[in-house]
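Please read the structure below before turning to the comments.
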Amino acid sequence: MVKKTIEDIKNTLKNVDVSETSYVERGYHLAIEAQKENVAAIAEFFDKKGFYLADLCCVDYVDYLELVYFFNNHRELCRVKVAFKVEPEKPAAPTISHIYTIAHWYEREIHEFFGVYFEGHPHLVYLFLHDGIDCYPLRRNKVPVTEDDKKLLNSFKPEEYEDGFFVNLGPQHPSTHGVLRVVVDMDGEYIMSAEPVLGYLHRMHEKMAENRSYLQFLPNPPRMDYLGALNFNLGHVTAVEKLCNIEVPERAQYIRTITAELNRISSHLLWVGAFVADLGGLTPFLYTFDDRENILDILEGITGSRLTYCYFRFGGLYNDVDDTFIDATKQFIKRLRGRFGMYEQLVTKNVIFINRVKGIGVLEPGRTPKYGCSGPVIRSTGIPFDIRKVEPYAAYDKVGFDIPVGTSGDNMDRYMIRIREMEISLNIIEEAVAKLPSGPFKAEKVPKKLKPPKGDVYHTIESPRGELGVYIVSDESDTPYRMRWRVPSYSNLMTFPYIAKGTLIADAIATLGSYDLVIPEIDR
Amino acid sequence: MGKGGFYLETKAPIIKFAIAEKFLNLARANSIWPMTFGLACCAIEMMAAAMARFDIARFGAEVFRPSPRQADLMIVNGTVTKKMAPTVVTLFEQMPSPKWVIAMGNCAISGGPFAFEGQYNIIEGIDKLIPVDVYIPGCPPRPEALLEGLMKLEEKITGTRRFPIPEKKW
């Protein structure tokens with residue numbers, strides 16, 4: 001795939017500087033040095049080849065700003081980094097939002113955090129930040145917000161739309177799972193357009209990463225995604241390990257797999273309860289929380305906390321697991337397997353539930369590259385894209401598992417996939433526990449003050465919600481020069497305006513629930 | 001928002017009857033209706049407190065109301081950003097008096113782990129905007145801590161503590 005892509009690029013795009021990089025060291029196969037003039041042509045090329053836009057971010061090198069695009073293919077792994085430089089004074093870049101829909105949001109984000117103006121963007125208003133902001137927060141030097149940008153601060157002005165009938169879904173609304181706000185333009189019960197407004201829980205994680213050392217940043221990722229805390233912890237830790245070339249002992253890899261899968265089950269369990277509660281059935285919530293508490297007990301025994309675990313360390317773990325953990329895990333597997341029948345009786349076979357979700361919120365597989373969605377949302381459309389399989393990390397390459405896929409991409413498929421995933425996670429845990437090797441649980445000689453070599457690394461893992469990407473730029477100091485988080489819910493939520501258009505508001509609530517949104521993760 | 005402070009004050013009743021007030025407070029303390037209002041991580045622990053194992057219903061506070069107009073307790077559970085702050089204040093204003101506020105978790109108390117030099121987006125402590133009755137530290141606090149906070153609030157309302165043994169005051 002990589003060789004073929006290089007050939008295609010050389011044949012189709014003239015005058016493009018493409019080079020192969022070490023995938024093991026960097027996390028991407030190809031690096032392309034683009035120019036401001038040809039970046040749109042490059043994006044068009046990748047769009048035609050079926051690539052999706054995994055991430056679009058900006059790095060401030062003081063002398064110049066660098067825009068970094070990450071492309072990847074859902075069918076075959078081929079990660080491509082496209083970078084080009086823009087000048088720091090009045091930075092401007094061409095938009096690719098007409099090619100990739102998800103670029104709409106990424107470009108708005110870069111515009112408000114770095115002040116890069118995207119020429120041709122149809123709706124370049126603030127997405128995250130509050131109205132009182134006076135500088136571009138992620139710029140290295142303090143750059144005040146220009147007068148032109150101050151006009152863009154209010155992302156929603158109701159007086160402009162006097163003819164429409166608007167409903168503000170959120171920021172305080174029980175079905176938005178936190179503080180998401182969706183501005184819905186209604187015609188009776190039908191949705192004409194839906195526009196999510198983000199940033200009600202923007203907690204400056206990316207800014208904090210630049211202020212503290214790699215070790216000090218450890219407690220932050222679990223607070224981004226509090227339901228899949230261990231997975232985010234794992235993403236951060238493995239990315240830094242890749243950057244610093246730290247070898248992790250096998251026992252630690254297995255324990256990482258077991259605990260991350262336990263965390264995935266607890267996240268999915270909460271989702272099942274919350275999703276059915278969104279549709280009006282509060283009873284399953286009580287049952288799923290009952291099961292979830294068992295996982296929390298097991299994880300609390302080894303990590304010490306109930307929710308925001310910070311268990312993985314660079315080169316291993318915080319502490320070793322004991323027999324109590326193994327026994328409790330085995331017991332839990334037995335228990336949860338017995339409960340699936342009950343969930344099927346209670347929820348899956350419920351006629352009201354089926355009518356509320358079947359055939360609702362359909363996402364076609366052809367649309368997915370435009371949005372770059374991942375996780376259960378993309379698997380529901382029938383594309384078996386799972387980072388655990390395509391780019392194995394921890395001990396996922398040593399255990400066997402299959403990927404559940406849906407057929408129609410509706411809410412029912414997303415529900416069924418998560419239920420199946422829980423069963424598969426139980427199998428993974430069982431196999432990993434049986435194979436658990438003895439030995440050290442952390443690497444020796446990991447320095448307390450990490451000073452990684454100069455360079456960048458892109459690392460992805462599969463969080464309960466989808467593809468989590470961590471992009472770290474190091475400048476040989478003990479703090480990251482830039483740490484960028486590509487979060488799954490962000491690109492999944494981008495499909496909501498498309499799916500919700502023309503549906504009933506009650507169905508849109510069901511669709512919104514089926515994404516399994518975690519708002520601090522979207523807002524970072 | 002009000003002109004003087006950050007929030008609109010609701011006036012206390014002009015006439016009060018001491019004995020009736022005592023009785024009413026007892027009723028209020030034993031049936032606190034919290035608002036369904038989740039901000040961040042702590043909201044999950046609040047949900048856990050409402051569910052089977054911790055069962056907040058034992059203290060009569062299980063009636064979570066999505067509308068502020070039907071609630072008398074606001075549990076601020078999570079980071080309050082500058083974008084969210086006007087909403088929180090509006091929600092507080094919309095609650096009928098008497099009303100109480102619990103600041104749950106370090107973020108709501110002081111900004112917690114997200115308060116650092118040069119931060120641009122969070123309110124460092126919800127008590128800068130609205131009056132807080134009970135503070136529950138932790139990141140996030142355990143559900144037991146929330147239950148303890150609830151009992152502290154009851155103590156504040158009635159003047160006696162429910163658990164372990166109530167002090168004899170009536």
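Going by the structure tokens order, chains are called A, B, ..., each with residues numbered from 1, while ligands are numbered from 1 in the order shown.
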May I have a table of the residues of segment 28-62 of chain A lying at most 10 Å from segment 95-102 of chain A, giving each one's closest pair of atoms and their distance in Å to one decimal, counting only C-alpha atoms, ordered by chain and ascending residue number, as CSV?
```
residue,atom,partner,partner_atom,distance
A:Val39,CA,A:Ile96,CA,8.2
A:Ala40,CA,A:Ile96,CA,5.9
A:Ala41,CA,A:Ile96,CA,9.2
A:Ile42,CA,A:Ile96,CA,9.7
A:Ala43,CA,A:Ile96,CA,6.9
A:Glu44,CA,A:Ile99,CA,6.5
A:Phe45,CA,A:Ile99,CA,10.0
A:Phe46,CA,A:Ile99,CA,9.7
A:Asp47,CA,A:Ile99,CA,7.1
A:Lys48,CA,A:Ile99,CA,9.8
A:Tyr52,CA,A:Tyr100,CA,8.0
A:Leu53,CA,A:Tyr100,CA,7.1
A:Ala54,CA,A:Ile102,CA,9.2
A:Asp55,CA,A:Ile102,CA,9.2
A:Leu56,CA,A:Ile102,CA,9.4
```
Closest atom pairs, chain A residues within 9 Å of chain B, only C-alpha atoms, as CSV:
```
residue,atom,partner,partner_atom,distance
A:Phe128,CA,B:Lys83,CA,8.7
A:Leu129,CA,B:Lys83,CA,7.1
A:His130,CA,B:Lys83,CA,4.8
A:Asp131,CA,B:Lys83,CA,7.6
A:Gly132,CA,B:Lys82,CA,8.4
A:Ile133,CA,B:Tyr120,CA,7.5
A:Pro137,CA,B:Tyr120,CA,7.5
A:Pro171,CA,B:Thr87,CA,7.8
A:Gln172,CA,B:Phe37,CA,6.5
A:His173,CA,B:Pro66,CA,7.2
A:Pro174,CA,B:Pro66,CA,6.5
A:His177,CA,B:Gly38,CA,7.4
A:Gly178,CA,B:Gly38,CA,5.3
A:Val179,CA,B:Leu39,CA,6.0
A:Gly199,CA,B:Lys83,CA,7.2
A:Tyr200,CA,B:Met84,CA,5.3
A:Leu201,CA,B:Thr81,CA,6.0
A:His202,CA,B:Thr81,CA,6.9
A:Arg203,CA,B:Phe114,CA,6.7
A:Met204,CA,B:Asn121,CA,7.3
A:His205,CA,B:Phe114,CA,8.3
A:Lys207,CA,B:Gln119,CA,8.4
A:Met208,CA,B:Phe114,CA,8.1
A:Pro219,CA,B:Pro113,CA,8.8
A:Asn220,CA,B:Pro113,CA,8.4
A:Arg223,CA,B:Cys41,CA,7.0
A:Met224,CA,B:Cys41,CA,8.8
A:Asp225,CA,B:Cys41,CA,8.4
A:Tyr226,CA,B:Cys41,CA,5.8
A:Leu227,CA,B:Cys41,CA,8.3
A:Phe285,CA,B:Met51,CA,7.9
A:Leu286,CA,B:Met51,CA,5.8
A:Tyr287,CA,B:Ala52,CA,8.0
A:Phe289,CA,B:Met51,CA,6.7
A:Asp290,CA,B:Ala52,CA,6.4
A:Glu293,CA,B:Arg53,CA,7.9
A:Arg306,CA,B:Arg142,CA,7.6
A:Leu307,CA,B:Pro140,CA,7.5
A:Thr308,CA,B:Pro140,CA,7.6
A:Val518,CA,B:Ala40,CA,8.9
A:Ile519,CA,B:Ala40,CA,7.8
A:Pro520,CA,B:Ala40,CA,6.8
```
Identify all residues of segment 15-158 of chain B in helix (DSSP H, G or I) (DSSP on the backbone) and supply them as number ranges by chain. B: 18-30, 41-50, 56-59, 68-70, 85-94, 106-110, 112-114, 126-128, 143-158
Restricting it to C-alpha atoms, dump the selection as a PDB file, in the first residue's frame.
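Generated file (result-v7.pdb):
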```
ATOM      1  CA  ALA B  18     -40.625  29.845  64.000  1.00  0.00           C
ATOM      2  CA  ILE B  19     -42.298  26.505  64.638  1.00  0.00           C
ATOM      3  CA  ALA B  20     -43.683  26.169  61.137  1.00  0.00           C
ATOM      4  CA  GLU B  21     -40.261  27.060  59.761  1.00  0.00           C
ATOM      5  CA  LYS B  22     -38.643  24.328  61.844  1.00  0.00           C
ATOM      6  CA  PHE B  23     -41.116  21.797  60.562  1.00  0.00           C
ATOM      7  CA  LEU B  24     -40.688  22.957  56.980  1.00  0.00           C
ATOM      8  CA  ASN B  25     -36.911  22.784  57.261  1.00  0.00           C
ATOM      9  CA  LEU B  26     -37.146  19.221  58.522  1.00  0.00           C
ATOM     10  CA  ALA B  27     -39.279  18.369  55.504  1.00  0.00           C
ATOM     11  CA  ARG B  28     -36.905  20.191  53.168  1.00  0.00           C
ATOM     12  CA  ALA B  29     -33.815  18.487  54.557  1.00  0.00           C
ATOM     13  CA  ASN B  30     -35.305  15.038  54.120  1.00  0.00           C
ATOM     14  CA  CYS B  41     -15.976  13.745  35.633  1.00  0.00           C
ATOM     15  CA  CYS B  42     -17.689  14.329  38.984  1.00  0.00           C
ATOM     16  CA  ALA B  43     -21.071  13.970  37.269  1.00  0.00           C
ATOM     17  CA  ILE B  44     -20.331  10.293  36.746  1.00  0.00           C
ATOM     18  CA  GLU B  45     -19.683   9.879  40.451  1.00  0.00           C
ATOM     19  CA  MET B  46     -22.931  11.726  41.148  1.00  0.00           C
ATOM     20  CA  MET B  47     -24.694   9.249  38.869  1.00  0.00           C
ATOM     21  CA  ALA B  48     -22.992   6.397  40.693  1.00  0.00           C
ATOM     22  CA  ALA B  49     -24.234   7.833  43.993  1.00  0.00           C
ATOM     23  CA  ALA B  50     -27.772   7.799  42.629  1.00  0.00           C
ATOM     24  CA  ILE B  56     -28.948   8.355  47.412  1.00  0.00           C
ATOM     25  CA  ALA B  57     -32.672   7.538  47.825  1.00  0.00           C
ATOM     26  CA  ARG B  58     -31.903   6.479  51.391  1.00  0.00           C
ATOM     27  CA  PHE B  59     -31.537  10.179  52.146  1.00  0.00           C
ATOM     28  CA  PRO B  68     -34.042  24.147  37.667  1.00  0.00           C
ATOM     29  CA  ARG B  69     -37.539  25.405  38.484  1.00  0.00           C
ATOM     30  CA  GLN B  70     -38.371  22.142  40.225  1.00  0.00           C
ATOM     31  CA  ALA B  85     -20.375  30.446  33.701  1.00  0.00           C
ATOM     32  CA  PRO B  86     -23.352  32.584  32.534  1.00  0.00           C
ATOM     33  CA  THR B  87     -25.386  29.398  32.090  1.00  0.00           C
ATOM     34  CA  VAL B  88     -24.565  28.194  35.614  1.00  0.00           C
ATOM     35  CA  VAL B  89     -25.569  31.559  37.066  1.00  0.00           C
ATOM     36  CA  THR B  90     -28.814  31.592  35.058  1.00  0.00           C
ATOM     37  CA  LEU B  91     -29.656  28.102  36.258  1.00  0.00           C
ATOM     38  CA  PHE B  92     -29.031  29.161  39.834  1.00  0.00           C
ATOM     39  CA  GLU B  93     -31.248  32.205  39.411  1.00  0.00           C
ATOM     40  CA  GLN B  94     -34.054  30.098  38.009  1.00  0.00           C
ATOM     41  CA  ASN B 106     -11.664  20.364  43.276  1.00  0.00           C
ATOM     42  CA  CYS B 107     -12.549  22.092  40.004  1.00  0.00           C
ATOM     43  CA  ALA B 108     -15.723  23.582  41.423  1.00  0.00           C
ATOM     44  CA  ILE B 109     -13.939  24.546  44.635  1.00  0.00           C
ATOM     45  CA  SER B 110     -10.831  26.218  43.273  1.00  0.00           C
ATOM     46  CA  GLY B 112      -8.394  22.103  40.811  1.00  0.00           C
ATOM     47  CA  PRO B 113      -5.754  20.694  38.484  1.00  0.00           C
ATOM     48  CA  PHE B 114      -6.695  23.167  35.758  1.00  0.00           C
ATOM     49  CA  ILE B 126     -17.705  28.490  41.599  1.00  0.00           C
ATOM     50  CA  ASP B 127     -18.012  30.493  44.850  1.00  0.00           C
ATOM     51  CA  LYS B 128     -16.787  33.485  42.870  1.00  0.00           C
ATOM     52  CA  PRO B 143     -19.913   8.752  46.054  1.00  0.00           C
ATOM     53  CA  GLU B 144     -19.632   8.302  49.820  1.00  0.00           C
ATOM     54  CA  ALA B 145     -18.171  11.793  49.986  1.00  0.00           C
ATOM     55  CA  LEU B 146     -21.195  13.154  48.153  1.00  0.00           C
ATOM     56  CA  LEU B 147     -23.491  11.414  50.627  1.00  0.00           C
ATOM     57  CA  GLU B 148     -21.510  12.913  53.488  1.00  0.00           C
ATOM     58  CA  GLY B 149     -21.821  16.316  51.826  1.00  0.00           C
ATOM     59  CA  LEU B 150     -25.546  15.809  51.591  1.00  0.00           C
ATOM     60  CA  MET B 151     -25.711  15.048  55.302  1.00  0.00           C
ATOM     61  CA  LYS B 152     -23.704  18.167  56.020  1.00  0.00           C
ATOM     62  CA  LEU B 153     -26.266  20.127  54.044  1.00  0.00           C
ATOM     63  CA  GLU B 154     -29.077  18.568  56.044  1.00  0.00           C
ATOM     64  CA  GLU B 155     -27.227  19.581  59.174  1.00  0.00           C
ATOM     65  CA  LYS B 156     -27.045  23.102  57.846  1.00  0.00           C
ATOM     66  CA  ILE B 157     -30.757  23.193  57.077  1.00  0.00           C
ATOM     67  CA  THR B 158     -32.133  21.663  60.280  1.00  0.00           C
TER      68      THR B 158
END
```
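Our summary of the geometry notes that atom CA of Lys90 of chain A is positioned 28.1 Å from atom CA of Ser491 of chain A.
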Using only C-alpha atoms, which protein or nucleic acid residues come within 12 Å of Ile505 of chain A? Drop anything in the same chain fewer than 6 positions from it, and give the result as an mmCIF file with N, CA, C and O atoms, in the first residue's frame.
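Below you can see out.cif, which holds the result:
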```
data_model
loop_
_atom_site.group_PDB
_atom_site.id
_atom_site.type_symbol
_atom_site.label_atom_id
_atom_site.label_comp_id
_atom_site.auth_asym_id
_atom_site.auth_seq_id
_atom_site.Cartn_x
_atom_site.Cartn_y
_atom_site.Cartn_z
ATOM 1 N N VAL A 167 -34.309 25.905 18.628
ATOM 2 C CA VAL A 167 -34.279 25.239 19.926
ATOM 3 C C VAL A 167 -32.823 25.081 20.318
ATOM 4 O O VAL A 167 -32.001 24.620 19.528
ATOM 5 N N ASN A 168 -32.540 25.511 21.540
ATOM 6 C CA ASN A 168 -31.196 25.343 22.065
ATOM 7 C C ASN A 168 -31.144 24.044 22.846
ATOM 8 O O ASN A 168 -31.666 23.955 23.943
ATOM 9 N N LEU A 169 -30.540 23.035 22.284
ATOM 10 C CA LEU A 169 -30.401 21.751 22.978
ATOM 11 C C LEU A 169 -29.119 21.832 23.797
ATOM 12 O O LEU A 169 -28.042 21.678 23.269
ATOM 13 N N SER A 175 -29.902 14.927 27.882
ATOM 14 C CA SER A 175 -29.535 13.952 26.862
ATOM 15 C C SER A 175 -28.269 14.327 26.118
ATOM 16 O O SER A 175 -27.855 13.614 25.219
ATOM 17 N N VAL A 182 -26.371 22.117 21.129
ATOM 18 C CA VAL A 182 -26.696 21.977 19.716
ATOM 19 C C VAL A 182 -27.786 22.984 19.398
ATOM 20 O O VAL A 182 -28.839 22.979 20.025
ATOM 21 N N VAL A 183 -27.516 23.862 18.455
ATOM 22 C CA VAL A 183 -28.516 24.835 18.024
ATOM 23 C C VAL A 183 -29.296 24.197 16.887
ATOM 24 O O VAL A 183 -28.742 23.884 15.837
ATOM 25 N N VAL A 184 -30.580 23.950 17.143
ATOM 26 C CA VAL A 184 -31.383 23.209 16.184
ATOM 27 C C VAL A 184 -32.404 24.146 15.547
ATOM 28 O O VAL A 184 -33.151 24.822 16.251
ATOM 29 N N ASP A 185 -32.410 24.176 14.233
ATOM 30 C CA ASP A 185 -33.393 24.961 13.484
ATOM 31 C C ASP A 185 -34.552 24.025 13.155
ATOM 32 O O ASP A 185 -34.368 23.025 12.470
ATOM 33 N N MET A 186 -35.737 24.372 13.664
ATOM 34 C CA MET A 186 -36.850 23.430 13.576
ATOM 35 C C MET A 186 -37.933 23.923 12.627
ATOM 36 O O MET A 186 -38.175 25.112 12.481
ATOM 37 N N ASP A 187 -38.582 22.956 11.998
ATOM 38 C CA ASP A 187 -39.828 23.233 11.292
ATOM 39 C C ASP A 187 -40.834 22.243 11.857
ATOM 40 O O ASP A 187 -40.863 21.083 11.453
ATOM 41 N N GLY A 188 -41.640 22.682 12.816
ATOM 42 C CA GLY A 188 -42.508 21.755 13.538
ATOM 43 C C GLY A 188 -41.654 20.796 14.340
ATOM 44 O O GLY A 188 -40.809 21.212 15.115
ATOM 45 N N GLU A 189 -41.842 19.504 14.113
ATOM 46 C CA GLU A 189 -41.063 18.501 14.834
ATOM 47 C C GLU A 189 -39.805 18.114 14.054
ATOM 48 O O GLU A 189 -39.023 17.320 14.531
ATOM 49 N N TYR A 190 -39.656 18.642 12.868
ATOM 50 C CA TYR A 190 -38.550 18.217 12.015
ATOM 51 C C TYR A 190 -37.371 19.180 12.111
ATOM 52 O O TYR A 190 -37.546 20.383 12.254
ATOM 53 N N ILE A 191 -36.190 18.611 11.985
ATOM 54 C CA ILE A 191 -34.966 19.400 12.104
ATOM 55 C C ILE A 191 -34.536 19.867 10.717
ATOM 56 O O ILE A 191 -34.366 19.058 9.806
ATOM 57 N N MET A 192 -34.402 21.170 10.566
ATOM 58 C CA MET A 192 -33.914 21.702 9.293
ATOM 59 C C MET A 192 -32.391 21.684 9.278
ATOM 60 O O MET A 192 -31.772 21.329 8.289
ATOM 61 N N SER A 193 -31.791 22.115 10.388
ATOM 62 C CA SER A 193 -30.341 22.043 10.478
ATOM 63 C C SER A 193 -29.959 21.991 11.952
ATOM 64 O O SER A 193 -30.680 22.508 12.801
ATOM 65 N N ALA A 194 -28.848 21.352 12.240
ATOM 66 C CA ALA A 194 -28.361 21.257 13.608
ATOM 67 C C ALA A 194 -26.906 21.666 13.618
ATOM 68 O O ALA A 194 -26.125 21.181 12.791
ATOM 69 N N LEU A 279 -33.658 7.225 25.740
ATOM 70 C CA LEU A 279 -34.864 6.847 25.013
ATOM 71 C C LEU A 279 -36.050 6.671 25.947
ATOM 72 O O LEU A 279 -37.131 6.310 25.511
ATOM 73 N N ARG A 356 -37.515 2.529 18.243
ATOM 74 C CA ARG A 356 -36.859 3.825 18.393
ATOM 75 C C ARG A 356 -35.509 3.892 17.692
ATOM 76 O O ARG A 356 -35.041 4.973 17.361
ATOM 77 N N ILE A 360 -32.874 4.251 12.137
ATOM 78 C CA ILE A 360 -32.771 5.672 12.493
ATOM 79 C C ILE A 360 -31.289 6.056 12.501
ATOM 80 O O ILE A 360 -30.456 5.285 12.966
ATOM 81 N N GLY A 361 -30.988 7.226 12.045
ATOM 82 C CA GLY A 361 -29.612 7.724 12.101
ATOM 83 C C GLY A 361 -28.660 6.953 11.216
ATOM 84 O O GLY A 361 -27.573 6.568 11.648
ATOM 85 N N ILE A 499 -26.565 13.649 9.726
ATOM 86 C CA ILE A 499 -27.575 12.619 9.996
ATOM 87 C C ILE A 499 -28.882 13.245 10.467
ATOM 88 O O ILE A 499 -29.969 12.827 10.080
ATOM 89 N N THR A 511 -30.012 9.444 18.040
ATOM 90 C CA THR A 511 -28.738 9.430 17.307
ATOM 91 C C THR A 511 -27.620 10.026 18.147
ATOM 92 O O THR A 511 -26.523 9.487 18.224
ATOM 93 N N LEU A 512 -27.939 11.156 18.797
ATOM 94 C CA LEU A 512 -26.930 11.815 19.632
ATOM 95 C C LEU A 512 -26.477 10.886 20.756
ATOM 96 O O LEU A 512 -25.297 10.831 21.093
#
```
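In this structure, atom CA of Leu262 of chain A sits 20.8 Å away from atom CA of Val390 of chain A.
Using only C-alpha atoms, the nearest neighbour of Val76 of chain B within the list B:Ile15, B:Leu8, B:Ile123, B:Ala103 is B:Ala103.
Shortest atom-to-atom contact with Ala500 of chain A among A:Phe314, A:Leu124, A:Arg339, A:Pro196: A:Pro196, counting only C-alpha atoms.
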Strand (DSSP E or B) per DSSP on the backbone: members of segment 77-253 of chain A, as a PyMOL selection string: chain A and resi 80-86+92-94+117-119+135+144+165-169+173+178+181-187+190-197
Could those selected residues go to a file with C-alpha atoms, as a compact mmCIF listing (two decimals), in the first residue's frame?
```
# COMPACT_ATOMS: atom_id res chain seq x y z
CA VAL A 80 0.68 10.15 5.56
CA LYS A 81 1.86 13.38 7.12
CA VAL A 82 1.52 16.48 4.99
CA ALA A 83 3.14 19.60 6.38
CA PHE A 84 3.60 23.11 5.09
CA LYS A 85 4.80 26.37 6.52
CA VAL A 86 2.96 29.64 6.85
CA ALA A 92 -3.17 32.51 5.94
CA ALA A 93 -3.70 29.12 4.34
CA PRO A 94 -6.04 27.65 1.74
CA TYR A 117 -6.94 32.56 8.47
CA PHE A 118 -8.30 29.97 6.07
CA GLU A 119 -9.09 31.48 2.71
CA CYS A 135 -5.12 36.49 22.51
CA PRO A 144 -3.58 39.77 20.54
CA PHE A 165 -37.83 28.46 15.06
CA PHE A 166 -34.78 27.69 17.11
CA VAL A 167 -34.28 25.24 19.93
CA ASN A 168 -31.20 25.34 22.07
CA LEU A 169 -30.40 21.75 22.98
CA HIS A 173 -29.76 19.19 28.87
CA GLY A 178 -22.64 16.89 29.70
CA ARG A 181 -24.94 22.64 22.99
CA VAL A 182 -26.70 21.98 19.72
CA VAL A 183 -28.52 24.84 18.02
CA VAL A 184 -31.38 23.21 16.18
CA ASP A 185 -33.39 24.96 13.48
CA MET A 186 -36.85 23.43 13.58
CA ASP A 187 -39.83 23.23 11.29
CA TYR A 190 -38.55 18.22 12.02
CA ILE A 191 -34.97 19.40 12.10
CA MET A 192 -33.91 21.70 9.29
CA SER A 193 -30.34 22.04 10.48
CA ALA A 194 -28.36 21.26 13.61
CA GLU A 195 -25.17 23.00 14.58
CA PRO A 196 -23.18 21.82 17.59
CA VAL A 197 -21.46 24.53 19.63
```
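Closest approach to Ile428 of chain A among A:Ser514, A:Thr329, A:Gln35, A:Ser380 is made by A:Thr329 (distances from only C-alpha atoms).
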Leaving out Ser425 of chain A and any residue of its chain fewer than 5 positions from it, which residues lie within 12 Å of it when counting only C-alpha atoms, given as a ChimeraX atom specification? /A:257-268,333,336-337,388,396,399-404,417-420,430-432,464
For Val321 of chain A, the nearest of the candidates A:Val240, A:Glu421, A:Ser438, A:Pro452, counting only C-alpha atoms: A:Ser438
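Pairwise distance (atom CA of Ser489 of chain A, atom CA of Pro376 of chain A) equals 10.8 Å.
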